[in-house]
Each structure stands twice: as C-alpha cells, then as structure tokens.
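Student: For reference, this is work_31.cif, and it has mmCIF, C-alpha atoms.
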```
data_coords
loop_
_atom_site.label_atom_id
_atom_site.label_comp_id
_atom_site.auth_asym_id
_atom_site.auth_seq_id
_atom_site.Cartn_x
_atom_site.Cartn_y
_atom_site.Cartn_z
CA MET A 1 32.54 56.45 73.35
CA THR A 2 34.90 59.32 73.98
CA ALA A 3 38.55 58.67 74.75
CA LEU A 4 39.76 59.11 78.30
CA PRO A 5 41.74 62.29 78.87
CA ALA A 6 45.47 61.70 78.87
CA LEU A 7 45.74 62.50 82.59
CA ALA A 8 43.06 59.91 83.44
CA VAL A 9 44.92 57.28 81.43
CA LEU A 10 48.13 57.98 83.32
CA VAL A 11 46.34 57.74 86.65
CA PHE A 12 44.68 54.46 85.60
CA VAL A 13 48.02 52.95 84.56
CA ALA A 14 49.66 54.07 87.80
CA CYS A 15 46.86 52.52 89.87
CA MET A 16 47.14 49.23 87.99
CA GLY A 17 50.86 49.19 88.74
CA ALA A 18 50.17 49.81 92.42
CA ALA A 19 47.59 47.01 92.45
CA ARG A 20 50.14 44.55 91.10
CA GLY A 21 52.57 45.64 93.81
CA ALA A 22 55.34 48.19 93.39
CA ASP A 23 58.95 47.11 93.59
CA PRO A 24 60.13 47.24 97.20
CA PRO A 25 62.65 49.99 98.01
CA ALA A 26 66.25 48.92 97.66
CA ALA A 27 67.83 47.88 100.92
CA PRO A 28 70.61 50.19 102.09
CA PRO A 29 74.05 48.80 101.24
CA ASP A 30 75.91 46.94 103.96
CA PRO A 31 78.40 49.51 105.38
CA GLN A 32 81.16 46.93 105.69
CA VAL A 33 80.73 45.69 102.12
CA GLU A 34 80.69 49.23 100.72
CA ILE A 35 83.78 50.24 102.71
CA GLU A 36 85.67 47.19 101.47
CA ALA A 37 84.70 47.97 97.86
CA ALA A 38 85.58 51.66 98.28
CA PHE A 39 89.03 50.88 99.68
CA GLU A 40 89.69 48.39 96.89
CA ALA A 41 88.73 50.91 94.20
CA ALA A 42 90.86 53.59 95.85
CA GLY A 43 93.83 51.26 96.06
CA LYS A 44 93.67 50.56 92.33
CA ALA A 45 93.35 54.24 91.37
CA LEU A 46 95.93 55.87 93.63
CA ARG A 47 98.97 57.69 92.25
CA ARG A 48 102.22 57.55 94.18
CA GLY A 49 104.47 60.52 94.82
CA PRO A 50 106.55 62.23 93.75
CA VAL A 51 104.03 63.62 91.27
CA GLU A 52 102.60 67.03 90.41
CA LEU A 53 98.82 67.18 90.76
CA PRO A 54 96.63 69.94 89.24
CA MET A 55 93.98 71.39 91.54
CA ALA A 56 90.73 72.75 90.04
CA GLY A 57 92.56 74.69 87.32
CA GLN A 58 93.74 77.04 90.06
CA GLY A 59 96.88 75.52 91.49
CA LYS A 60 98.85 72.36 92.06
CA LEU A 61 100.13 70.03 94.73
CA ALA A 62 103.73 68.88 94.37
CA LEU A 63 103.19 65.57 96.15
CA PRO A 64 106.46 64.22 97.64
CA GLY A 65 107.49 60.58 97.87
CA GLY A 66 106.00 58.75 100.81
CA PHE A 67 102.49 59.97 99.93
CA ALA A 68 99.86 58.69 97.51
CA PHE A 69 96.94 60.53 95.88
CA ILE A 70 93.43 59.09 95.48
CA PRO A 71 91.55 60.81 92.59
CA PRO A 72 88.25 62.63 93.21
CA ALA A 73 85.83 59.88 92.07
CA GLU A 74 87.39 57.08 94.11
CA GLY A 75 88.21 59.45 96.96
CA ALA A 76 84.63 60.70 97.19
CA ARG A 77 83.34 57.12 97.37
CA LEU A 78 85.79 56.30 100.13
CA MET A 79 84.95 59.47 102.06
CA ARG A 80 81.24 58.68 101.97
CA ALA A 81 81.83 55.07 102.96
CA MET A 82 83.56 56.32 106.10
CA GLY A 83 80.59 58.55 106.92
CA ASN A 84 82.00 61.86 105.64
CA SER A 85 80.21 64.36 103.41
CA VAL A 86 81.63 65.34 100.02
CA ASP A 87 80.60 68.21 97.73
CA GLY A 88 81.66 69.69 94.41
CA ASP A 89 84.69 71.38 95.97
CA PHE A 90 86.36 68.02 96.69
CA GLN A 91 89.67 67.50 94.83
CA GLY A 92 90.79 64.13 96.17
CA MET A 93 92.57 62.46 99.09
CA VAL A 94 96.22 62.10 100.08
CA VAL A 95 97.43 59.14 102.14
CA PRO A 96 100.79 59.22 103.97
CA HIS A 97 102.96 56.14 104.41
CA LEU A 98 103.41 55.45 108.13
CA GLU A 99 105.86 52.79 109.23
CA ASP A 100 103.45 51.08 111.61
CA GLY A 101 100.95 50.50 108.80
CA SER A 102 98.24 52.72 110.31
CA PHE A 103 95.79 54.75 108.24
CA SER A 104 95.49 58.54 108.19
CA PHE A 105 94.43 60.75 105.29
CA TYR A 106 94.15 64.30 103.96
CA GLU A 107 90.96 65.61 102.33
CA ILE A 108 91.73 68.28 99.71
CA SER A 109 89.29 70.84 98.32
CA TYR A 110 89.13 74.11 96.41
CA VAL A 111 86.46 76.63 97.41
CA PRO A 112 85.67 79.37 94.82
CA SER A 113 84.71 81.92 97.46
CA GLY A 114 86.23 84.94 95.77
CA TYR A 115 89.07 87.04 97.17
CA ILE A 116 89.00 86.94 100.98
CA LYS A 117 90.35 90.01 102.75
CA ASP A 118 92.67 89.07 105.59
CA ASP A 119 92.87 92.39 107.43
CA ASP A 120 90.55 91.14 110.18
CA ALA A 121 92.66 88.10 111.08
CA LYS A 122 93.09 89.37 114.63
CA ASP A 123 89.34 89.23 115.27
CA TRP A 124 88.98 85.49 115.80
CA LYS A 125 85.67 84.14 117.08
CA ALA A 126 86.97 80.84 118.36
CA ASP A 127 84.05 80.15 120.70
CA ASP A 128 81.55 80.71 117.90
CA LEU A 129 83.54 78.48 115.55
CA MET A 130 83.63 75.71 118.13
CA GLN A 131 79.87 75.92 118.62
CA ARG A 132 79.25 75.82 114.87
CA LEU A 133 81.60 72.87 114.49
CA ARG A 134 79.64 70.99 117.13
CA GLU A 135 76.36 71.84 115.43
CA GLY A 136 77.69 70.71 112.03
CA THR A 137 78.96 67.47 113.51
CA ALA A 138 75.58 66.77 115.13
CA GLU A 139 73.95 67.23 111.73
CA GLY A 140 76.48 64.89 110.12
CA ASN A 141 75.71 62.27 112.76
CA LYS A 142 72.23 61.84 111.29
CA ARG A 143 73.81 60.45 108.13
CA ARG A 144 76.19 58.26 110.11
CA VAL A 145 73.29 56.71 112.02
CA GLN A 146 71.52 55.91 108.76
CA MET A 147 74.69 54.22 107.50
CA GLY A 148 75.15 52.19 110.65
CA ILE A 149 78.32 54.09 111.59
CA GLY A 150 78.98 55.40 115.11
CA GLU A 151 78.27 59.04 115.96
CA MET A 152 81.11 61.49 116.68
CA GLU A 153 81.60 64.71 118.63
CA VAL A 154 84.11 67.55 118.96
CA SER A 155 86.22 67.41 122.13
CA GLY A 156 87.91 70.82 121.84
CA TRP A 157 90.82 72.72 120.31
CA ILE A 158 94.10 70.93 119.60
CA GLU A 159 95.52 74.10 118.05
CA PRO A 160 93.58 77.41 117.98
CA PRO A 161 93.33 79.31 114.66
CA ARG A 162 96.61 80.81 113.43
CA TYR A 163 97.14 82.92 110.30
CA GLU A 164 100.50 83.46 108.55
CA ALA A 165 100.11 86.69 106.58
CA PRO A 166 103.27 86.42 104.40
CA SER A 167 102.25 83.02 103.01
CA HIS A 168 98.46 83.57 103.33
CA GLN A 169 98.18 80.25 105.19
CA LEU A 170 95.61 79.50 107.87
CA VAL A 171 95.91 76.59 110.33
CA TRP A 172 93.78 75.19 113.14
CA SER A 173 93.04 71.81 114.68
CA ILE A 174 90.28 70.14 116.72
CA GLY A 175 89.92 66.90 118.62
CA ALA A 176 87.30 64.31 117.61
CA ARG A 177 85.99 61.28 119.45
CA THR A 178 83.26 58.70 119.47
CA LYS A 179 80.13 60.23 120.97
CA GLY A 180 79.98 59.56 124.69
CA ASP A 181 83.66 58.60 124.95
CA ALA A 182 84.44 61.16 127.65
CA GLY A 183 87.78 59.50 128.40
CA GLY A 184 89.02 60.20 124.88
CA VAL A 185 90.30 56.66 124.45
CA HIS A 186 89.55 56.75 120.72
CA GLU A 187 90.10 60.47 120.16
CA GLY A 188 91.01 61.52 116.65
CA ILE A 189 92.19 64.82 115.22
CA ASN A 190 91.02 67.07 112.38
CA TYR A 191 93.97 69.31 111.42
CA ARG A 192 92.73 72.03 109.06
CA THR A 193 95.07 74.00 106.79
CA LEU A 194 94.36 76.31 103.86
CA VAL A 195 96.04 78.81 101.58
CA LEU A 196 94.28 81.85 100.11
CA GLY A 197 94.25 82.64 96.40
CA ARG A 198 92.92 85.32 94.08
CA GLU A 199 89.52 83.65 93.49
CA GLY A 200 89.15 81.33 96.48
CA TYR A 201 91.18 79.02 98.68
CA LEU A 202 92.77 75.58 98.62
CA ALA A 203 92.24 73.57 101.79
CA MET A 204 93.51 70.34 103.33
CA THR A 205 92.14 68.52 106.35
CA LEU A 206 94.37 65.91 107.96
CA VAL A 207 92.35 63.22 109.73
CA THR A 208 94.52 61.27 112.17
CA ASP A 209 94.84 60.39 115.87
CA GLN A 210 96.84 61.40 118.92
CA ALA A 211 99.48 58.73 118.33
CA HIS A 212 100.46 60.13 114.90
CA ILE A 213 99.91 63.89 115.04
CA GLY A 214 103.47 64.38 116.32
CA VAL A 215 105.02 63.09 113.10
CA LEU A 216 102.27 64.25 110.74
CA ARG A 217 102.23 67.86 111.91
CA PRO A 218 105.57 68.70 110.22
CA ALA A 219 104.60 66.53 107.25
CA THR A 220 101.44 68.64 106.95
CA ALA A 221 103.53 71.82 106.96
CA THR A 222 105.49 70.36 104.06
CA LEU A 223 102.35 69.55 102.07
CA LEU A 224 100.89 72.99 102.75
CA ASP A 225 104.03 74.64 101.38
CA ASP A 226 103.73 72.38 98.31
CA LEU A 227 100.08 73.38 97.74
CA THR A 228 100.39 76.48 95.58
CA PHE A 229 98.37 78.64 93.20
CA ASN A 230 99.29 79.09 89.54
CA PRO A 231 100.68 82.40 88.27
CA GLY A 232 97.77 84.77 87.85
CA LYS A 233 95.70 82.92 90.48
CA ARG A 234 97.79 83.86 93.51
CA TYR A 235 96.58 86.09 96.33
CA ALA A 236 98.99 88.83 95.23
CA ASP A 237 97.46 88.79 91.71
CA PHE A 238 94.18 90.28 92.94
CA ASP A 239 92.83 93.08 90.74
CA VAL A 240 90.52 95.40 92.65
CA SER A 241 88.95 96.67 89.40
CA THR A 242 87.82 93.29 88.08
CA ASP A 243 87.88 90.58 90.76
CA HIS A 244 85.05 89.40 92.96
CA VAL A 245 85.56 90.03 96.68
CA ALA A 246 84.03 87.53 99.10
CA GLU A 247 81.16 88.80 101.23
CA PHE A 248 83.10 87.82 104.35
CA GLY A 249 86.56 88.36 105.77
CA LEU A 250 89.06 85.91 107.16
CA ALA A 251 87.67 85.97 110.68
CA THR A 252 84.23 85.07 109.36
CA LEU A 253 85.71 82.32 107.25
CA VAL A 254 87.07 80.72 110.40
CA ALA A 255 84.12 81.43 112.68
CA GLY A 256 81.21 80.86 110.36
CA VAL A 257 81.37 79.97 106.68
CA ALA A 258 84.03 77.28 107.06
CA ALA A 259 82.11 75.49 109.79
CA LYS A 260 79.45 74.11 107.47
CA LYS A 261 82.16 72.66 105.23
CA LEU A 262 84.26 71.32 108.07
CA GLY A 263 81.80 69.42 110.16
CA LEU A 264 83.86 66.63 111.67
CA LEU A 265 85.61 64.16 109.38
CA ALA A 266 85.81 60.60 110.65
CA LEU A 267 89.00 58.59 110.39
CA ALA A 268 87.32 55.19 110.23
CA ALA A 269 85.06 52.86 112.16
CA ALA A 270 86.69 49.87 113.84
CA PHE A 271 85.91 47.47 111.00
CA VAL A 272 87.49 49.79 108.43
CA VAL A 273 91.01 49.16 109.67
CA LYS A 274 91.53 45.83 107.94
CA PHE A 275 90.26 47.23 104.63
CA ALA A 276 92.56 50.24 104.92
CA LYS A 277 95.48 47.84 104.46
CA VAL A 278 94.55 47.67 100.76
CA ILE A 279 95.77 51.26 100.48
CA ILE A 280 98.53 51.00 103.06
CA LEU A 281 100.17 48.15 101.12
CA ALA A 282 99.89 50.09 97.90
CA VAL A 283 101.46 53.20 99.43
CA GLY A 284 104.08 51.21 101.36
CA GLY A 285 107.49 50.31 100.08
CA PHE A 286 108.49 53.96 99.73
CA VAL A 287 111.31 55.63 101.58
CA TRP A 288 109.91 58.76 103.19
CA ALA A 289 111.42 61.67 101.25
CA ILE A 290 111.01 65.24 102.42
CA ARG A 291 111.77 67.52 99.53
CA ARG A 292 115.40 68.59 99.19
CA LYS A 293 114.57 72.18 99.99
CA LEU A 294 113.76 71.09 103.54
CA TRP A 295 117.13 69.43 104.03
CA ARG A 296 119.54 72.21 103.11
CA ASP A 297 122.33 72.65 105.59
CA ARG A 298 123.95 75.99 106.28
CA SER A 299 126.18 75.73 103.22
CA GLY A 300 123.17 75.11 100.96
CA SER A 301 123.97 71.48 100.15
CA ALA A 302 121.41 68.74 100.62
CA ALA A 303 121.75 66.82 103.88
CA ALA A 304 122.12 63.09 103.50
CA ALA A 305 119.93 61.86 106.34
CA PRO A 306 116.35 61.03 105.30
CA ALA A 307 113.38 61.56 107.57
CA THR A 308 111.13 58.69 108.55
CA MET A 309 107.50 58.71 109.51
CA ALA A 310 107.64 56.39 112.47
CA PRO A 311 104.69 56.66 114.85
CA THR A 312 105.22 59.18 117.62
CA THR A 313 103.29 59.73 120.82
CA MET A 314 103.98 62.91 122.77
CA ALA A 315 104.02 62.54 126.52
CA PRO A 316 102.62 65.30 128.74
CA GLY A 317 105.08 68.20 128.85
CA GLU A 318 107.10 66.85 125.92
CA PRO A 319 108.12 69.55 123.39
CA ALA A 320 106.32 69.63 120.06
CA ALA A 321 107.71 67.58 117.20
CA HIS A 322 110.58 69.13 115.31
CA ASP A 323 109.39 71.11 112.28
CA LEU A 324 111.13 69.67 109.21
CA ARG A 325 111.05 73.05 107.54
CA ASP A 326 113.84 74.07 109.95
CA GLY A 327 116.10 71.26 108.69
CA PRO A 328 117.12 68.02 110.41
CA PRO A 329 116.98 67.95 114.22
CA ARG A 330 120.27 68.81 115.83
CA ALA A 331 121.79 66.42 118.35
#
```
Would you mind writing the file's structure down as structure tokens?
Tutor:
Amino acid sequence: MTALPALAVLVFVACMGAARGADPPAAPPDPQVEIEAAFEAAGKALRRGPVELPMAGQGKLALPGGFAFIPPAEGARLMRAMGNSVDGDFQGMVVPHLEDGSFSFYEISYVPSGYIKDDDAKDWKADDLMQRLREGTAEGNKRRVQMGIGEMEVSGWIEPPRYEAPSHQLVWSIGARTKGDAGGVHEGINYRTLVLGREGYLAMTLVTDQAHIGVLRPATATLLDDLTFNPGKRYADFDVSTDHVAEFGLATLVAGVAAKKLGLLALAAAFVVKFAKVIILAVGGFVWAIRRKLWRDRSGSAAAAPATMAPTTMAPGEPAAHDLRDGPPRA
C-alpha cells in the first residue's frame, strides 16, 4: 500500500481535529477589567518629574515637576483600554497633577515623515481637515463598539490651526463628545501640538475637558517648549544635499496626512474614572512647578510664587487663561 501524500495526511489530521471539536474562540476581555489592569500597570511604571526623557533617538522632553510619564508599553495598553489606537510612532503618555484629582493626559509620538517644508503654512484647509477628522473618528468608533465603549464624534474647532515659524511649532484644538450628545454636556477636548525637526516631527495631544482646558493650555505651552530635538536633528540642521524631504508640505500635514493619525482620542468612559485614581494618587503629592525660566521677573531673578493647577472653568466672554510663558499674572 502506498503512503498517503503529505498534503493528504495534513488534511486528514485537520479533519479529525475538527470532528473532535475545535477550541472555542476566546471571549473578548471585559472592558472594565482590562481598564483596571491597564491603569494599575501604568501606575506602577510611571516616572515622576522633574526628569529628562529621550524621544525616539531624536529629541527629549524635559518633564517638569507636577507631571508624570507613563512608558510606551504601559501607555499603549492604557490607550487601547480607553478605546484609542496606538501605532509604532507612540512614545508614551504624560499625566498632569490637577488639584481636584481629575484625569487628563498627553499622548506623545514621533513621526519620521522626513523634512516638512513650512512655506505653505498660510494655505490652511481647515474644512477639509475637519471632514477628515470626522471620518477618522467614525472609523475609530467601529473598534470602540467592539470593545463595548461608547462612540464619539467631533463637535468643531476649539482653536483653528496656528503655526509659529520661529519655533517651528504647530497648534490646533478640536472638541469631542459622546455621539448624539448635541448639548455637549460631556464634551472633551483634543489639543494637538507638534514641533518640526530635520527628519520628522514630535507631537503631543492633550486629552481633557472644558473644565480644565483653561489651566492646561498654558501648561501645554510649557511642555511644548520643553519638547526639543537633539543637536543635528533640529529643523535648522536640514541638509538639502542629503536629507529626505516629505512628499507633503505643512498645509497638507494639517489638512490630510495628520488626520489619519489624529482620529479622536477619548478621555475615558464613565467607569474609567475610579480606576484613574490609581495614577492620580501616584502623581499627586507634588507641588506644581513651572520651570524657573518661566518665572523670571524683569530683573532676571526667579519669582517666588509657584503656580498651581487648580481646575478652571471659563465663563462666556471671560479672557483666556494667562500664559505662564509671560511670567506670573499681574494684579
């Protein structure tokens, strides 16, 4: 009797396994259990400021006191548990200490796009960007539904795109809310900031809410100034004879390419709040310390008064929060 061909043997074995009954597919993890585990792991791994953090071999973040850093592995798990997408550009999370014990965070990434020309910064395509953001968020909602997490949608601009040519910094902000919540009762905010470099860009996205954007906006300006490229990797170090130039300019970065990476980051579902305290307690206990360079008075000496990150809600018509880069508010 001739031996069965190898392929027939494999098919026979596979059929026998099917006849005995294949193992049932693993049940999806309970979202609440996974979120609790992700917050616990993040709380154990976080590093408190002040500390200098390397970023993708390209730059660094001089993290001030009053903030804590969650490394990429634990940060990626926490991001996914909250319904957010994470890719290979992800560099970690930063959590600010807020006096009311609430939870906001910054997502940090480095994108090796190549050198991005900024001479078309005036040609914003804000309407196109908004449409792409809404499309990306709708796509991300498919994953949230599978995880048992509520869908989200973009409500509109909080701050239209703005580019600072001397520092090569780009800033914009959008509102986010639970899908169908037309009243904006639970509206959150995605505050996007990035700085251009020789071979790509470093980006931060603050995910917070209306009640805390007033105090976190100047704090974000501080972090953005502290997110810098290493010598040789800076925007000014570009070498036209050797360096790769991105296939798109700055306007396209805002209106098109960035949209697929942005989507809409969720702050947290309602049941996340109690688990967030694992991190809040670990970050807490710090006196909020804006770096001394921000507190120079006219004579150049450091001012004595510290800043605090108490929750702030801006009433209609109220002026924007004082920018700490201009020094302490004057009476």
Student: In the coordinates of the file, take the point (83.1, 62.6, 119.3) and a cut-off of 8 Å; then, counting only C-alpha atoms, name each qualifying protein, DNA or RNA residue as a CSV table (one decimal) with C-alpha atoms, keeping the file's coordinate frame.
Tutor:
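Result file follows (part.csv):
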```csv
chain,number,residue,atom,x,y,z
A,151,GLU,CA,78.3,59.0,116.0
A,152,MET,CA,81.1,61.5,116.7
A,153,GLU,CA,81.6,64.7,118.6
A,154,VAL,CA,84.1,67.6,119.0
A,155,SER,CA,86.2,67.4,122.1
A,176,ALA,CA,87.3,64.3,117.6
A,177,ARG,CA,86.0,61.3,119.4
A,178,THR,CA,83.3,58.7,119.5
A,179,LYS,CA,80.1,60.2,121.0
A,180,GLY,CA,80.0,59.6,124.7
A,181,ASP,CA,83.7,58.6,125.0
A,187,GLU,CA,90.1,60.5,120.2
```
Student: Given the file shown, enumerate the residues that the PyMOL selection byres ((chain A and resi 35) around 7) captures and present them as a PyMOL selection string.
Tutor: chain A and resi 31-34+36-39+78+81-82+272
Student: How many Å separate CA of Ala126 in chain A from CA of Pro161 in chain A?
Tutor: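 These atoms are spaced 7.5 Å apart.
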Student: Pick out the closest residue to Leu224 in chain A from this set: A:Ala138, A:Ile174, A:Ala56, A:Leu196. Count all atoms listed in the file.
Tutor: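 Closest to Leu224 in chain A of all the choices is A:Leu196.
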Student: Using all atoms listed in the file, which of the listed residues (A:Pro96, A:Gly43, A:Gly88, A:Gly65) sits closest to Val215 in chain A?
Tutor: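 Closest candidate: A:Pro96.
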Student: Just how far from CA of Ala45 in chain A is CA of Ile70 in chain A, in Å to one decimal?
Tutor: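 The value is 6.4 Å.
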Student: Between A:Asp209, A:Asp239, A:Glu164, A:Glu139, which is the closest to Ser104 in chain A once you count only C-alpha atoms?
Tutor: A:Asp209
Student: Show me as number ranges by chain the residues that reach within 9 Å of (86.6, 89.7, 95.1), counting all atoms listed in the file and using the file's own coordinates.
Tutor: A: 113-117, 198-200, 238-240, 242-247
